[in-house]
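Shown here: data_15.cif, mmCIF, C-alpha atoms.
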```
data_input
loop_
_atom_site.label_atom_id
_atom_site.label_comp_id
_atom_site.auth_asym_id
_atom_site.auth_seq_id
_atom_site.Cartn_x
_atom_site.Cartn_y
_atom_site.Cartn_z
CA GLU A 26 0.00 0.00 0.00
CA PRO A 27 1.46 3.39 -0.96
CA GLU A 28 2.39 5.62 1.92
CA VAL A 29 3.81 9.03 2.70
CA THR A 30 7.37 8.92 3.96
CA GLN A 31 9.29 11.55 5.90
CA THR A 32 12.94 12.12 6.76
CA PRO A 33 14.53 12.49 9.16
CA SER A 34 12.46 10.85 11.87
CA HIS A 35 14.17 13.01 14.50
CA GLN A 36 16.04 16.29 14.20
CA VAL A 37 17.80 18.21 16.94
CA THR A 38 18.99 21.72 16.17
CA GLN A 39 20.23 24.85 17.87
CA MET A 40 18.01 27.90 18.07
CA GLY A 41 18.59 30.15 15.07
CA GLN A 42 19.67 27.35 12.78
CA GLU A 43 17.90 26.41 9.56
CA VAL A 44 16.25 23.04 9.19
CA ILE A 45 14.75 21.29 6.20
CA LEU A 46 12.20 18.56 6.70
CA ARG A 47 11.62 16.22 3.80
CA CYS A 48 8.59 14.34 2.60
CA VAL A 49 7.84 12.00 -0.25
CA PRO A 50 4.09 12.10 -0.92
CA ILE A 51 2.15 9.25 -2.47
CA SER A 52 3.15 9.19 -6.12
CA ASN A 53 -0.16 9.98 -7.84
CA HIS A 54 -1.20 12.62 -5.33
CA LEU A 55 -1.31 16.23 -6.41
CA TYR A 56 -2.03 18.09 -3.16
CA PHE A 57 0.47 18.35 -0.35
CA TYR A 58 0.24 19.61 3.20
CA TRP A 59 2.29 20.26 6.29
CA TYR A 60 0.89 20.06 9.80
CA ARG A 61 2.52 20.31 13.18
CA GLN A 62 1.71 18.85 16.58
CA ILE A 63 3.23 20.33 19.70
CA LEU A 64 3.68 17.65 22.34
CA GLY A 65 0.35 16.73 23.91
CA GLN A 66 -1.64 19.11 21.72
CA LYS A 67 -3.75 18.76 18.63
CA VAL A 68 -2.58 18.62 15.06
CA GLU A 69 -2.47 22.08 13.47
CA PHE A 70 -2.60 22.97 9.79
CA LEU A 71 0.40 24.88 8.46
CA VAL A 72 0.17 25.00 4.68
CA SER A 73 -1.27 23.40 1.57
CA PHE A 74 0.52 23.23 -1.76
CA TYR A 75 -0.68 22.51 -5.27
CA ASN A 76 0.73 23.04 -8.72
CA ASN A 77 4.00 24.36 -7.30
CA GLU A 78 2.49 27.09 -5.24
CA ILE A 79 1.02 27.64 -1.80
CA SER A 80 -2.75 27.44 -1.92
CA GLU A 81 -3.47 28.19 1.71
CA LYS A 82 -1.50 28.84 4.88
CA SER A 83 -2.28 29.37 8.53
CA GLU A 84 -1.18 32.20 10.79
CA ILE A 85 1.51 29.87 12.13
CA PHE A 86 3.16 29.75 8.73
CA ASP A 87 5.05 33.04 8.90
CA ASP A 88 8.04 34.31 6.92
CA GLN A 89 10.34 31.87 8.71
CA PHE A 90 8.65 28.98 6.93
CA SER A 91 8.80 28.02 3.30
CA VAL A 92 7.84 25.01 1.24
CA GLU A 93 9.19 23.67 -1.98
CA ARG A 94 8.81 20.79 -4.36
CA PRO A 95 12.37 20.65 -5.70
CA ASP A 96 11.79 17.66 -7.94
CA GLY A 97 9.05 15.28 -8.97
CA SER A 98 8.97 13.37 -5.72
CA ASN A 99 10.11 15.44 -2.73
CA PHE A 100 8.18 18.06 -0.80
CA THR A 101 10.13 20.06 1.77
CA LEU A 102 9.43 22.35 4.69
CA LYS A 103 12.17 24.81 5.58
CA ILE A 104 12.36 26.73 8.82
CA ARG A 105 14.84 29.52 8.25
CA SER A 106 15.77 30.46 11.82
CA THR A 107 14.38 28.03 14.35
CA LYS A 108 12.91 29.13 17.65
CA LEU A 109 12.39 27.11 20.81
CA GLU A 110 8.64 27.11 20.18
CA ASP A 111 9.16 25.41 16.81
CA SER A 112 9.82 22.19 18.72
CA ALA A 113 7.05 19.86 17.61
CA MET A 114 6.19 16.88 15.49
CA TYR A 115 5.82 17.88 11.85
CA PHE A 116 3.57 15.81 9.62
CA CYS A 117 3.43 15.82 5.87
CA ALA A 118 0.24 14.72 4.15
CA SER A 119 -0.94 14.30 0.60
CA SER A 120 -4.22 13.79 -1.21
CA GLU A 121 -5.17 12.73 -4.69
CA GLY A 122 -7.51 15.61 -5.30
CA VAL A 123 -9.43 18.43 -3.73
CA GLY A 124 -11.83 17.15 -1.12
CA GLU A 125 -10.12 13.78 -1.03
CA THR A 126 -8.73 12.02 2.01
CA GLN A 127 -5.39 13.26 3.26
CA TYR A 128 -2.86 10.57 4.10
CA PHE A 129 -0.29 11.40 6.71
CA GLY A 130 3.35 10.46 7.01
CA PRO A 131 4.96 9.20 10.24
CA GLY A 132 6.27 12.64 11.15
CA THR A 133 9.56 14.31 11.98
CA ARG A 134 10.16 15.15 15.62
CA LEU A 135 11.99 18.48 15.74
CA LEU A 136 13.69 19.60 18.93
CA VAL A 137 15.11 23.11 19.08
CA LEU A 138 17.60 23.70 21.88
CA GLY B 30 -12.30 29.94 11.19
CA GLU B 31 -13.40 26.45 12.05
CA ASN B 32 -13.25 25.29 15.66
CA VAL B 33 -13.58 21.62 16.58
CA GLU B 34 -14.26 20.54 20.14
CA GLN B 35 -13.75 16.93 21.19
CA HIS B 36 -14.81 15.02 24.29
CA PRO B 37 -13.76 13.25 26.37
CA SER B 38 -10.04 13.90 26.49
CA THR B 39 -9.42 10.48 28.02
CA LEU B 40 -11.55 7.35 27.98
CA SER B 41 -10.97 4.00 29.61
CA VAL B 42 -13.14 1.02 28.77
CA GLN B 43 -13.04 -2.68 29.47
CA GLU B 44 -12.21 -4.93 26.57
CA GLY B 45 -15.40 -5.84 24.76
CA ASP B 46 -17.26 -2.71 25.81
CA SER B 47 -18.16 0.14 23.47
CA ALA B 48 -16.44 3.51 23.26
CA VAL B 49 -18.01 6.74 22.09
CA ILE B 50 -16.17 9.94 21.24
CA LYS B 51 -18.06 13.12 20.45
CA CYS B 52 -17.12 16.22 18.49
CA THR B 53 -18.74 19.50 17.62
CA TYR B 54 -17.77 21.93 14.91
CA SER B 55 -18.54 25.58 14.33
CA ASP B 56 -18.38 26.15 10.56
CA SER B 57 -21.65 25.15 8.91
CA ALA B 58 -19.80 25.01 5.58
CA SER B 59 -17.72 22.03 6.72
CA ASN B 60 -18.64 19.07 4.58
CA TYR B 61 -16.13 16.33 5.31
CA PHE B 62 -15.42 14.74 8.68
CA PRO B 63 -12.54 12.28 8.95
CA TRP B 64 -11.49 10.39 12.06
CA TYR B 65 -7.84 9.60 12.65
CA LYS B 66 -6.15 7.13 14.97
CA GLN B 67 -2.70 8.02 16.20
CA GLU B 68 -0.52 5.43 17.85
CA LEU B 69 2.51 6.40 19.86
CA GLY B 70 5.27 7.81 17.67
CA LYS B 71 3.26 7.56 14.47
CA GLY B 72 1.32 9.89 12.23
CA PRO B 73 -2.47 10.09 12.21
CA GLN B 74 -4.03 7.27 10.24
CA LEU B 75 -7.48 7.62 8.72
CA ILE B 76 -9.90 5.05 10.14
CA ILE B 77 -13.23 6.27 8.83
CA ASP B 78 -14.78 9.39 7.35
CA ILE B 79 -18.20 10.78 6.61
CA ARG B 80 -19.45 13.43 4.23
CA SER B 81 -22.18 15.91 4.95
CA ASN B 82 -24.71 14.23 2.67
CA VAL B 83 -24.65 11.11 4.85
CA GLY B 84 -25.95 10.73 8.41
CA GLU B 85 -24.23 7.50 9.37
CA LYS B 86 -21.49 5.24 8.14
CA LYS B 87 -20.27 1.91 9.44
CA ASP B 88 -17.16 -0.15 8.85
CA GLN B 89 -17.05 -3.36 10.87
CA ARG B 90 -16.66 -2.33 14.54
CA ILE B 91 -16.44 1.37 13.80
CA ALA B 92 -19.31 3.71 13.04
CA VAL B 93 -19.68 7.45 12.69
CA THR B 94 -22.80 9.56 12.95
CA LEU B 95 -23.28 13.13 11.79
CA ASN B 96 -25.93 15.63 12.82
CA LYS B 97 -25.53 18.62 10.54
CA THR B 98 -28.27 20.62 12.22
CA ALA B 99 -26.61 20.38 15.60
CA LYS B 100 -23.11 20.45 14.08
CA HIS B 101 -21.90 17.40 15.92
CA PHE B 102 -20.53 14.03 14.96
CA SER B 103 -19.51 10.95 16.89
CA LEU B 104 -17.28 7.91 16.64
CA HIS B 105 -18.54 4.60 17.99
CA ILE B 106 -16.25 1.63 18.50
CA THR B 107 -17.94 -1.60 19.50
CA GLU B 108 -16.37 -4.74 20.97
CA THR B 109 -13.21 -2.84 21.83
CA GLN B 110 -9.88 -4.64 21.78
CA PRO B 111 -6.54 -3.73 23.40
CA GLU B 112 -5.16 -2.77 19.99
CA ASP B 113 -7.80 -0.05 19.78
CA SER B 114 -5.83 1.82 22.47
CA ALA B 115 -4.55 5.03 20.87
CA VAL B 116 -5.32 8.72 20.56
CA TYR B 117 -8.28 9.44 18.30
CA PHE B 118 -8.75 12.75 16.54
CA CYS B 119 -11.89 13.99 14.89
CA ALA B 120 -11.55 16.60 12.19
CA ALA B 121 -13.70 18.87 10.10
CA SER B 122 -12.92 20.08 6.65
CA ARG B 123 -14.31 22.33 3.97
CA LEU B 124 -13.22 23.43 0.59
CA SER B 125 -11.48 26.70 1.27
CA GLY B 126 -10.46 28.62 -1.81
CA GLY B 127 -10.68 25.35 -3.67
CA TYR B 128 -8.29 23.53 -1.37
CA GLN B 129 -8.98 21.48 1.67
CA LYS B 130 -7.96 22.62 5.12
CA VAL B 131 -8.46 20.11 7.91
CA THR B 132 -9.11 21.34 11.43
CA PHE B 133 -8.45 18.76 14.11
CA GLY B 134 -10.09 18.26 17.47
CA THR B 135 -8.03 18.08 20.63
CA GLY B 136 -7.88 14.30 20.70
CA THR B 137 -9.18 11.50 22.92
CA LYS B 138 -6.80 9.06 24.52
CA LEU B 139 -8.57 5.72 24.53
CA GLN B 140 -7.36 2.98 26.79
CA VAL B 141 -8.86 -0.48 26.43
CA ILE B 142 -8.25 -2.53 29.55
CA PRO B 143 -7.82 -6.27 28.92
#
```

Before anything else, please render the file you have as structure tokens.
Amino acid sequence: EPEVTQTPSHQVTQMGQEVILRCVPISNHLYFYWYRQILGQKVEFLVSFYNNEISEKSEIFDDQFSVERPDGSNFTLKIRSTKLEDSAMYFCASSEGVGETQYFGPGTRLLVL
Amino acid sequence: GENVEQHPSTLSVQEGDSAVIKCTYSDSASNYFPWYKQELGKGPQLIIDIRSNVGEKKDQRIAVTLNKTAKHFSLHITETQPEDSAVYFCAASRLSGGYQKVTFGTGTKLQVIP
């Protein structure tokens, strides 16, 4: 069964450093998403991406965040200058079409020290 | 924006009993309601979903009901098993600008006691 994969599974970084989280969506999916989950809290929407551009973003997704699809398979989330409060689990998701089920990856646990 | 409330936050049941998790949503335009199961260290996995043109949907031991008028929906798990222990999230979604944004509830930690 096709699945969304994410790397790395864990990332530890110093405050102020840049991090790139990587995702490989399901191959025939066209819509991509990033969510985050702070420890013990609910999953929060960050951004959706379609046709090589951001289609929607939340207030969390400020100028420190960016997304990119550098090639035909990868979808990345970059945090330019990490803050302590960026520590969370980051989930990538993809869907085949608009209004279709979103399938989530296993997540990347980011710890900012 | 959409706000999804979920209750209870924790739920313990004996193996074989039923479990019910309830959610309410605020945006009457929401039209898709997925339920996700999250096991420790893993991403949310879709277990069942319901669309706003349907009032109830069942898949083996799992069922969801939707009351659009009252803006609430529920997950029912019957004959619970220890492997059902996990955190369950309800979610509400609507087409927003043509793209789907999912708003999650706060989660219910279900513990099934053998």

Listing only residues of chain A within 9 Å of chain B, what is the closest atom pair and its distance in Å (to one decimal) for each, using all atoms listed in the file, sorted by chain and residue number ascending, as CSV?
```
residue,atom,partner,partner_atom,distance
A:Tyr56,CA,B:Tyr128,CA,8.5
A:Tyr58,CA,B:Lys130,CA,8.9
A:Gln66,CA,B:Thr135,CA,6.6
A:Lys67,CA,B:Thr135,CA,4.8
A:Val68,CA,B:Phe133,CA,5.9
A:Glu69,CA,B:Phe133,CA,6.9
A:Phe70,CA,B:Val131,CA,6.8
A:Val72,CA,B:Lys130,CA,8.5
A:Ser73,CA,B:Tyr128,CA,7.6
A:Phe74,CA,B:Tyr128,CA,8.8
A:Tyr75,CA,B:Tyr128,CA,8.6
A:Ser80,CA,B:Tyr128,CA,6.8
A:Glu81,CA,B:Tyr128,CA,7.4
A:Lys82,CA,B:Lys130,CA,9.0
A:Phe116,CA,B:Gly72,CA,6.8
A:Cys117,CA,B:Gly72,CA,8.9
A:Gly122,CA,B:Tyr128,CA,8.9
A:Val123,CA,B:Tyr128,CA,5.7
A:Gly124,CA,B:Gln129,CA,5.9
A:Glu125,CA,B:Gln129,CA,8.2
A:Thr126,CA,B:Pro63,CA,7.9
A:Gln127,CA,B:Leu75,CA,8.1
A:Tyr128,CA,B:Gln74,CA,7.1
A:Phe129,CA,B:Gly72,CA,5.9
A:Gly130,CA,B:Gly72,CA,5.6
A:Pro131,CA,B:Gly72,CA,4.2
A:Gly132,CA,B:Gly72,CA,5.8
```

Inset, instruction - Go ahead and find all residues with at least one atom no further than 7 Å from (19.0, 17.6, 21.8) in the file's coordinates, using only C-alpha atoms; report them as JSON, numbers by chain. - result: {"A": [37, 38, 136, 138]}

Inset, instruction - I would like the residues chosen by the PyMOL selection byres ((chain A and resi 135) around 9) on the shown file; could you give them as a ChimeraX atom specification? - result: /A:34-38,111-115,133-134,136-137

Produce a file of the selected residues containing C-alpha atoms, as a PDB file, in the frame of the given file.
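Everything below was put into selection07.pdb:
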```
ATOM      1  CA  SER A  34      12.460  10.850  11.870  1.00  0.00           C
ATOM      2  CA  HIS A  35      14.170  13.010  14.500  1.00  0.00           C
ATOM      3  CA  GLN A  36      16.040  16.290  14.200  1.00  0.00           C
ATOM      4  CA  VAL A  37      17.800  18.210  16.940  1.00  0.00           C
ATOM      5  CA  THR A  38      18.990  21.720  16.170  1.00  0.00           C
ATOM      6  CA  ASP A 111       9.160  25.410  16.810  1.00  0.00           C
ATOM      7  CA  SER A 112       9.820  22.190  18.720  1.00  0.00           C
ATOM      8  CA  ALA A 113       7.050  19.860  17.610  1.00  0.00           C
ATOM      9  CA  MET A 114       6.190  16.880  15.490  1.00  0.00           C
ATOM     10  CA  TYR A 115       5.820  17.880  11.850  1.00  0.00           C
ATOM     11  CA  THR A 133       9.560  14.310  11.980  1.00  0.00           C
ATOM     12  CA  ARG A 134      10.160  15.150  15.620  1.00  0.00           C
ATOM     13  CA  LEU A 136      13.690  19.600  18.930  1.00  0.00           C
ATOM     14  CA  VAL A 137      15.110  23.110  19.080  1.00  0.00           C
TER      15      VAL A 137
END
```

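What the PyMOL selection byres ((chain A and resi 46) around 9) picks from this file is A:Gln31, A:Thr32, A:Pro33, A:Gln36, A:Val44, A:Ile45, A:Arg47, A:Cys48, A:Phe100, A:Thr101, A:Leu102, A:Lys103, A:Ile104, A:Tyr115, A:Thr133.
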
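CA of Ile51 in chain A lies 29.4 Å from CA of Leu95 in chain B.
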
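Across the chains present, the PyMOL selection byres ((chain B and resi 107) around 10) applied to this file returns Glu44, Gly45, Asp46, Ser47, Ala48, Val49, Gln89, Arg90, Ile91, Ala92, Leu104, His105, Ile106, Glu108, Thr109 and Gln110 of chain B.
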
Inset, instruction - To one decimal in Å, tell me the separation between CA of Asn53 in chain A and CA of Lys66 in chain B. - result: 23.8 Å

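Picture a line from CA of Asp113 in chain B to CA of Ala99 in chain B; it runs 28.1 Å.
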
Name the residues within 8 Å of (-19.9, 22.2, 17.2), counting all atoms listed in the file in the file's coordinates, and put them as an mmCIF file with C-alpha atoms, in the frame of the given file.
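Result went into selection.cif, see below:
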```cif
data_model
loop_
_atom_site.group_PDB
_atom_site.id
_atom_site.type_symbol
_atom_site.label_atom_id
_atom_site.label_comp_id
_atom_site.auth_asym_id
_atom_site.auth_seq_id
_atom_site.Cartn_x
_atom_site.Cartn_y
_atom_site.Cartn_z
ATOM 1 C CA ASN B 32 -13.250 25.290 15.660
ATOM 2 C CA VAL B 33 -13.580 21.620 16.580
ATOM 3 C CA GLU B 34 -14.260 20.540 20.140
ATOM 4 C CA CYS B 52 -17.120 16.220 18.490
ATOM 5 C CA THR B 53 -18.740 19.500 17.620
ATOM 6 C CA TYR B 54 -17.770 21.930 14.910
ATOM 7 C CA SER B 55 -18.540 25.580 14.330
ATOM 8 C CA ASP B 56 -18.380 26.150 10.560
ATOM 9 C CA ALA B 99 -26.610 20.380 15.600
ATOM 10 C CA LYS B 100 -23.110 20.450 14.080
ATOM 11 C CA HIS B 101 -21.900 17.400 15.920
#
```

Inset, instruction - May I ask which of the residues B:Leu40, B:Val141, B:Val83, B:Val93 is the closest one to Pro111 in chain B, counting all atoms listed in the file? - result: B:Val141

Legend entry - Exercise: Ser52 in chain A partners within 10 Å, all atoms listed in the file, chain neighbours under 6 positions left out, as a ChimeraX atom specification: /A:27-29,97-99,119-121

Residues of the last selection are to be written out with C-alpha atoms, as a PDB file, keeping the file's coordinate frame.
```pdb
ATOM      1  CA  PRO A  27       1.460   3.390  -0.960  1.00  0.00           C
ATOM      2  CA  GLU A  28       2.390   5.620   1.920  1.00  0.00           C
ATOM      3  CA  VAL A  29       3.810   9.030   2.700  1.00  0.00           C
ATOM      4  CA  GLY A  97       9.050  15.280  -8.970  1.00  0.00           C
ATOM      5  CA  SER A  98       8.970  13.370  -5.720  1.00  0.00           C
ATOM      6  CA  ASN A  99      10.110  15.440  -2.730  1.00  0.00           C
ATOM      7  CA  SER A 119      -0.940  14.300   0.600  1.00  0.00           C
ATOM      8  CA  SER A 120      -4.220  13.790  -1.210  1.00  0.00           C
ATOM      9  CA  GLU A 121      -5.170  12.730  -4.690  1.00  0.00           C
TER      10      GLU A 121
END
```
